[in-house]
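**Student:** Sending over a structure as structure tokens; questions will come in a sec.
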Amino acid sequence: MSGNTAASSSAVALPCPECGTRVLWAAQSVYRPFCSRRCQLLDLGAWADESHRIRGEPAMDEADIDGLLREADRDAPLS
Ligand SMILES: [Zn+2]
């Protein structure tokens with residue numbers, strides 16, 4: 001038997017519960033069992049969604065509007 005594959009090493013990789021990407025079960029994988037922060041947040045959002053149930057239009061933040069206004073202000077030449 002000489003068909004040893006590199007996959008059968010001591011490293012363990014489990015599929016991300018969100019997207020199925022293999023996540024190396026090691027200290028470097030800080031978001032495990034998720035593959036990335038994105039998947040972690042997606043999973044959190046999945047159950048947080050049940051209490052909000054807001055789907056569709058993305059609500060505009062007041063802070064966003066504030067930032068846009070400030071930017072527009074800066075662009076406008078003061079005279
Ligand atoms: Zn993932």
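Every chain in the structure tokens takes a letter, A first, then B, and so on in the order presented; its residues are numbered from 1, and the ligands are numbered from 1 following the presented order.
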Give the residue list for ligand 1 at 6 Å, counting only C-alpha atoms and all ligand atoms, as a ChimeraX atom specification, sorted by chain and then by residue number.
**Tutor:** /A:16,18-21,34-36,39
**Student:** Name the residues in contact with segment 10-14 of chain A at a cut-off of 10 Å, using only C-alpha atoms, excluding same-chain residues fewer than 3 positions from it; report them as a PyMOL selection string.
**Tutor:** chain A and resi 6-7+17+20-26+32-35
**Student:** Dump C-alpha atoms for the selected residues as a compact mmCIF listing (two decimals), in the first residue's frame?
**Tutor:**
```txt
# COMPACT_ATOMS: atom_id res chain seq x y z
CA ALA A 6 -1.82 13.90 2.34
CA ALA A 7 -5.34 14.28 3.70
CA PRO A 17 -21.98 24.56 9.22
CA GLY A 20 -19.61 23.58 3.99
CA THR A 21 -16.06 24.76 3.44
CA ARG A 22 -13.53 22.60 5.23
CA VAL A 23 -12.28 24.29 8.36
CA LEU A 24 -8.98 23.20 9.79
CA TRP A 25 -9.56 22.36 13.42
CA ALA A 26 -6.62 24.30 14.78
CA ARG A 32 -14.36 27.52 13.96
CA PRO A 33 -16.65 25.75 13.59
CA PHE A 34 -17.17 28.39 10.92
CA CYS A 35 -14.69 29.00 8.11
```
**Student:** Please compute the atom CA of Ala46 of chain A-atom CA of Leu68 of chain A distance, one decimal, in Å.
**Tutor:**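 Going from atom CA of Ala46 of chain A over to atom CA of Leu68 of chain A, I get 29.8 Å.
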**Student:** Just how far from atom CA of Ala27 of chain A is atom CA of Asp43 of chain A, in Å to one decimal?
**Tutor:** 20.7 Å
